[in-house]
Structure formats: structure tokens, C-alpha cells
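Taking it in order: structure first as C-alpha cells, then the write-up.
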There are 2 protein chains.
Amino acid sequence: MLDDRKLAVLRAIIEDYVSTTEPVGSKTLVDRHNLDVSPATIRNDMAVLEEQGYIAQPHTSAGRIPTDKGYRLFVDRLSAVKPLSQAERRAIETFLGGAYDLDDVVTRTVRLLAQLTRQVAVVQYPSLRISCVRHVELVPLGPARVLLVLITDTGRVEQRGVDLPDSITDDSIAHLRALLNACMDGRPLADAAGVVAELPARLDASDRPNGAAVLSVLLESLVERHEEKIVFGGAANLAARDFSAGLRDVLEALEEQVVLMRLLGESGDPASLTVRIGAENTVEGLHDASIVSTGYGAGDQVLAKLAVLGPTRMDYPGAMGAVRAVARYVGQILAES
Amino acid sequence: MLDDRKLAVLRAIIEDYVSTTEPVGSKTLVDRHNLDVSPATIRNDMAVLEEQGYIAQPHTSAGRIPTDKGYRLFVDRLSAVKPLSQAERRAIETFLGGAYDLDDVVTRTVRLLAQLTRQVAVVQYPSLRISCVRHVELVPLGPARVLLVLITDTGRVEQRGVDLPDSITDDSIAHLRALLNACMDGRPLADAAGVVAELPARLDASDRPNGAAVLSVLLESLVERHEEKIVFGGAANLAARDFSAGLRDVLEALEEQVVLMRLLGESGDPASLTVRIGAENTVEGLHDASIVSTGYGAGDQVLAKLAVLGPTRMDYPGAMGAVRAVARYVGQILAES
DNA sequence: AATTGGCACTCTAGATAATCGAGTGCCAGG
DNA sequence: CCTGGCACTCGATTATCTAGAGTGCCAATT
């Protein structure tokens, strides 16, 4: 139905349109790419492509622009992920290598991705779900308030103030701390639920409510809130582009954690490169946007996602290359630390 | 030189211009505010105001718009900080009250300020300079690498991986940990420098380099990097406005930590409400912007700054009221926790 | 001396019209 | 199936005109 030349034409249209931002006509097309046929032939091809919904005309007597469906075909069958240049790889390595702590890794990753792709970058904090507990610290903050500090074997530290149901003595705290460490040390955070079950038996009756409160925080709050943390950067790159919906909508979407969660959650296979194009995106206000996302993590565990967001008219091969490369390096960093 | 009526005219011009975004003429002015004089009289006044540089004409035969100098006079002498409504105060209280930890306080503050003022909000993390050490924890991460965790009496936790000059045994770590806690416990972080001096004497010679490495991280890195952390939000509010310089510049400035530092640093008295208008701002790309900032902290200590950034044409009394109120509430929250 | 009504003047925003040209669709011939 | 030719469409650009908001200035008034 679509012979090779028609596909080549589609590819050419997309490449031209992405780089020039202007509808591309049959004449320009033959000139710029060396298709050995006449403009009239191209026009026939374009008519077919249009009929099938891969390209569209903004108005009669203008060139063609790709539709979402056109981009989709391009991404699926007409393009390859573009590997980064040697220089770019080195840049990633040195830039990410200098990170101090997790916060810093995430911040730097965002900046890096935004800079590499000249788009908006979105990075989710890695999940603590599979981390193991190395140490739990309890520090009294008030009569019925303690600070819970959790140190994982991946070298991460999470803290949170906990309001207790009862007031608590320093002794009880010490007791609870010892017990928590005994129970949790070396165990994955995901097991916290199990520990909650066996804990009451090992606590004085008087300490049970407080102990339960601390554990539920450990579970619900630390682990889950971490995943909800999503950072974006490179908003300045939006200003240059023209989103028909108005970039106000885009910025609003980016500032809503909930929306970002959904955005990253929507992609199918979490581990692999996923591209969502234009209207494929269910998030309000992002119908003109495309998202290139992938999971990342230490080893083969997917701990979180990162993505690049731009107008549907974006350099997909380049963005995909950058996303993949950055995800790999971040994974390495996480594995090392 | 400027009699009362001329000042009233200036105030009226600013108020109208801020709310309508359009140059305001003599006729409209008399209509909307009840100045009991004729348009011609106002025109004379406006001529004087213009001569003195308080207002300007975009072009002949257009109304007048305020200049930076005009806004400056308005802020200094013609307006009062507008207190928030009861409802707004309650909203602040409940919204900030629900915060989990410091990160959450800062994030919520940004959102709150952005929403209250419909502008961009900028918030700096509170300095650790005056906090006291409650506990120091060292966790081995590798042969020559430890994780340093610092818990302060204000319930904050900072962590950082430290690469040591020599490899280290678990014994040494325990020793170092005990010593650090003995030295630092209860002392303000600002004293860390002093502790560095006395530490070597109390360490085995073999532990000295490692101990010094840990302490220098404590000092340089934890405390200072915290102050450098600045968050902004509400960028979507920029989209509606029209910055002549292009909002790209504004967004770029906002994404540069260094620039934000300078922005907040420039204000004079750190404790009080400061307004910087248009060109008063030395930051490139923000010559069309105004910044309303103030310091905040627990008690009377100024720990950091927060600000609102918008076009010079902004609602100064409202912004000042919001900034002041939010700063106070955040201060309270910090003092409590 | 300050205020005011009157008036001519100046621009800009917006409407209308004319023109240009890139790009198309279609057709007849190779 | 490809191609050159050709009439046609329609947005973008430019030119011209008009209406009206707003001004500055002046002479008269209080």
C-alpha cells in the first residue's frame, strides 16, 4: 500500500519539517533530497499519504505537515535511535560523575537532558522499593514527636518527622530504635509491611501504638513519597517553540506532580524507550506535545523514569538517543554509589 | 514640586495600568477615579509627571504608562502593604501546616506564593548556619567511602557521600563517629571550623586524614550547598504576561541557580520587605521584571529569602502583603518543628 | 495662578483592497 | 507509472484609508 518511495517521501517531509518548521512542498522536497523523480510524482505520492492520514495541509495550496499518525509511523519504522557523539558521551560522563548525592544526580540529569535535547526534561526520583535498610535512626523532637531517619544500602537517606499517638520516653525510643534495627536491618523496604505484622508481638504493650505509627510512616510515606517526586527543567526551551495550545497549558501541566506522574506512568513497557505522540497523550494541554521516556535504574531493575517533552515536531531520533544514553549513565551512577 | 493631586494622579495611573494593561488617558482617569477636576487639568499634571520621568508615553497620542521611577515612588510613598484577607490567611495556615518535612515546606511555600500572587515564586532553602548538631552518623559505603549523615536540632537531616583519602576499617569508623559526636553534639554548625582545628589532637595519627576529610565535607559542603538550593514555581503565570524581553530570558534566568542567588542577594536589608523594580535589577534579562523579596526564618534569625517575581506592572501592595504573610507563617512553621 | 473648554493635530489600530507566489490537482502525452 | 504543463486557490504581504483616542496649547474664566 505504501511503497518504498512513499515512505521515503514521508521521512523526507518529517525531516524537513522538523528542521525548518515550515510546511514542505513537492518542489523543495525533490531539491533537498535526491529523489530521482519529478515534483509531480511526489505530489501523487503526497496525495496518497494525505488520504491515508499521514500528512495534512494547513490549508489548500500550502505544503504538507506530518500528522501524529505520520510521526508514529516514522518513529516505529522509518527512523533509528541516533547514538550520541563521542563528545556528548564524554560530556554526560563528566557532568554526571561529579554529582554529590542523589538530589544532585537528579538535578544534574535534568539539566543535562534539557541541554542535550533542547527540550524540557522530566526526571522521577528513583524508587526506594527495592532498597534494603542499613540503619534506622530515631531522634526525639518533642514529647510526642520523633524524627525517623532511614539509611539504605544504596547510600540514600530519607527522613520524616512522625507525630506519635502517645508521648514517649527516651528509653522507649532507644528500645524502639534497637528493635527496628534488629527487624529491618538488611531487609528490603518492600518487606516493611511484613515487619509491621510481626512487630507488636515483640514490643511492650505500651510501645505498640508508637511503634506502629513509626512503621507506617516508614512504609507509606518514605517509600511512596519518594516516587512522587518528579523534577523538570529546561522550560526556557519551550519559549522558542510554538505550542498551538499555548505554552501556558504546557507549563501548567509540568508544574502538577500528579500530571507528571500520569505522564510517566502511561508509557507501556517501563524498561524500554517509549514515545508518545501528540494526541496519543491523554493529559489535557499536552495534545501538541510528544514525550520520549524510558525507565532507568541500577542493574536491570527499573527504579524510575525519565523523559523528554517537546512539540510533536521534534527530533525523535536525537531525543531517543539522548534519553537512552542518559538513562544508562544514570543507572551506572546509581549502581556504583 | 509634586503636590498632592499630582501624586494622586500618579497613583491612579499606576492602579489603572496595572489592572487594565493599557496606557491610561486623562479622560478615563477622571471618570474612573473621582478627581474633581477636568481632564485638561489632569493633562497638565501628567505633563509635569512625564517631564520628571515618572510616566511615559508609548507614542504620541497614546495614554501614559508608569516608568520604573514612577513605580518606585508608588512603592515608597503612595502605597501600603495590603494585608491578606481572612480567607487567604486561613488558606496559608492549613496549606503550610500539612507539610511533612523541610522539602515539603519549601515546595508548598513556592506553590502557595505563586498561587496567591499569580506570579512566579522563588524560595531559598533555609540556611543550616545557625543550627546545632544533634547527631552525626557515619555509614560505610565502600572500602574508602562513607556516608555522612547530619541531624540537626531543628530536625533536619543532610547527607553526603565522602570519598576518603585512605581506606578505613569499621573500627576506625566507629571511633571517628564517637569522636565526632562527642565534639560536635549540641554545637552550632558554624563552629565546625573550630572543631576541625582541635580534632587532629584527639585522633590516632592514622585516622587523621580521614577525619579531616569528613569534617571538611560537613563544613563546606552540607552547610553551603543547602543555601544554594533555590526553588521556583508558577512559571505558567509568566505565559499570560508579556515580557518585552521575551519570557525566554526570564525562564532562563529562573533556571540558573547562580542567577537566583544573585537575585535574592541583591536586596538590601535581608530582614525587611524589599522591592526591586525593572532596571534596578542588574540581572540580565530581568529588566522588565520586578522582585518583591524578604528574609524569613525561625524567630528573628534570617535563615533564607523568598520572593515573588513578575512584570514591573504588577500589583505591588498585594504581592508585598502575600510575601510578608507567607514569610511569617513559614517562620512559624520552622520555629515549631 | 490655577483651572477649564475648545480646537487642531498626531498617531495607532483596524478595516479594505490589491497583488504575489508557493503549492496544488488534474490531465494528456510519453 | 511517470512527467510537463497549466489553471486555480488561498494565505501572506503590502498599500491605503478611516475612526477615534489622546494630546498640547491657547485664550477665557474664576
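Ordering of the C-alpha cells sets the chain letters (A, B, ...); residue numbers start at 1 within each chain; ligands are numbered from 1 in the order shown.
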
Next on the checklist: Give me, as a ChimeraX atom specification, the residues of chain B touching chain C, with the criterion being at most 10 Å (counting only C-alpha atoms (C1' of nucleotides)).
Outcome noted: /B:37-41,59-62

Checklist entry - Would you give me, as a ChimeraX atom specification, the residues in region 88-327 of chain B that DSSP reads as alpha helix (DSSP H)? => result /B:88-97,102-117,170-184,192-198,208-216,224-228,236-240,247-255,257-266,316-327

Store the residues of this selection in a file with C-alpha atoms, as a compact mmCIF listing (two decimals), in the first residue's frame.
# COMPACT_ATOMS: atom_id res chain seq x y z
CA GLU B 88 -6.25 33.84 52.48
CA ARG B 89 -4.66 33.67 55.90
CA ARG B 90 -6.56 30.56 56.74
CA ALA B 91 -5.59 29.02 53.42
CA ILE B 92 -1.93 29.68 54.12
CA GLU B 93 -2.17 28.19 57.55
CA THR B 94 -3.84 24.98 56.54
CA PHE B 95 -1.77 24.54 53.43
CA LEU B 96 1.58 25.04 55.09
CA GLY B 97 0.52 23.27 58.24
CA LEU B 102 11.57 20.65 55.08
CA ASP B 103 11.45 19.74 51.42
CA ASP B 104 7.75 19.74 51.64
CA VAL B 105 7.61 23.09 53.42
CA VAL B 106 9.69 24.69 50.70
CA THR B 107 7.72 23.10 47.88
CA ARG B 108 4.43 24.10 49.38
CA THR B 109 5.61 27.60 50.04
CA VAL B 110 6.53 28.03 46.43
CA ARG B 111 3.18 26.82 45.21
CA LEU B 112 1.33 28.89 47.73
CA LEU B 113 3.12 32.11 46.89
CA ALA B 114 2.72 31.52 43.19
CA GLN B 115 -0.96 30.95 43.61
CA LEU B 116 -1.59 33.88 45.91
CA THR B 117 0.17 36.38 43.71
CA ASP B 170 34.79 -0.49 60.64
CA ASP B 171 36.62 0.10 63.88
CA SER B 172 38.00 3.37 62.72
CA ILE B 173 34.58 4.42 61.58
CA ALA B 174 33.10 3.65 64.95
CA HIS B 175 35.90 5.54 66.60
CA LEU B 176 35.50 8.51 64.32
CA ARG B 177 31.77 8.51 64.78
CA ALA B 178 32.06 8.56 68.51
CA LEU B 179 34.59 11.31 68.41
CA LEU B 180 32.59 13.40 66.00
CA ASN B 181 29.53 13.13 68.14
CA ALA B 182 31.50 13.98 71.22
CA CYS B 183 32.96 17.06 69.58
CA MET B 184 30.00 18.30 67.63
CA ALA B 192 32.64 23.16 62.70
CA ALA B 193 35.67 25.13 61.60
CA GLY B 194 36.85 25.36 65.18
CA VAL B 195 36.34 21.67 65.67
CA VAL B 196 38.49 20.87 62.69
CA ALA B 197 41.35 22.61 64.45
CA GLU B 198 41.11 20.65 67.66
CA ARG B 208 43.62 11.99 60.91
CA PRO B 209 43.38 12.34 57.13
CA ASN B 210 40.06 10.55 57.03
CA GLY B 211 38.67 12.54 59.90
CA ALA B 212 39.70 15.77 58.29
CA ALA B 213 38.04 14.76 55.05
CA VAL B 214 34.77 14.08 56.80
CA LEU B 215 34.82 17.33 58.68
CA SER B 216 35.60 19.42 55.67
CA GLU B 224 26.85 25.85 51.91
CA ARG B 225 25.16 23.70 49.35
CA HIS B 226 21.97 23.99 51.31
CA GLU B 227 21.91 27.73 50.89
CA GLU B 228 22.47 27.40 47.22
CA ALA B 236 2.81 29.16 33.97
CA ASN B 237 1.86 32.57 35.27
CA LEU B 238 4.51 34.05 33.05
CA ALA B 239 2.87 32.83 29.90
CA ALA B 240 -0.08 35.14 30.33
CA LEU B 247 9.87 35.32 28.52
CA ARG B 248 12.55 33.03 27.29
CA ASP B 249 15.10 35.21 29.03
CA VAL B 250 13.09 35.21 32.19
CA LEU B 251 12.78 31.46 32.22
CA GLU B 252 16.47 31.11 31.55
CA ALA B 253 17.29 33.33 34.46
CA LEU B 254 14.99 31.36 36.71
CA GLU B 255 16.67 28.11 35.85
CA GLN B 257 20.83 28.80 40.42
CA VAL B 258 23.61 31.32 40.29
CA VAL B 259 21.35 33.99 38.91
CA LEU B 260 18.72 33.27 41.52
CA MET B 261 21.32 33.57 44.24
CA ARG B 262 22.30 36.97 42.95
CA LEU B 263 18.70 37.97 42.62
CA LEU B 264 17.94 37.25 46.23
CA GLY B 265 21.27 38.52 47.40
CA GLU B 266 20.84 41.94 45.88
CA TYR B 316 2.85 45.68 44.44
CA PRO B 317 0.68 46.12 47.53
CA GLY B 318 -0.81 42.68 47.02
CA ALA B 319 2.49 41.00 46.31
CA MET B 320 4.10 42.65 49.31
CA GLY B 321 1.27 41.54 51.52
CA ALA B 322 1.49 37.96 50.32
CA VAL B 323 5.27 37.82 50.62
CA ARG B 324 5.22 39.24 54.12
CA ALA B 325 2.44 36.99 55.32
CA VAL B 326 3.91 33.83 53.83
CA ALA B 327 7.35 34.62 55.22

Next on the checklist: Counting only C-alpha atoms (C1' of nucleotides), which residue out of A:Ser290, A:Gln52, A:Asn44, A:Ser85 sits closest to chain D?
Outcome noted: A:Asn44

Item to check | Distance criterion (only C-alpha atoms): nearest to chain B out of A:Ala205, A:Ala47, A:Leu273, A:Val139 | outcome: A:Val139

Checklist entry - Got a sec to pull out which chain D residues are within 9 Å of chain B, counting only C-alpha atoms (C1' of nucleotides), and send them as a VMD selection string? => result chain D and resid 21 to 24
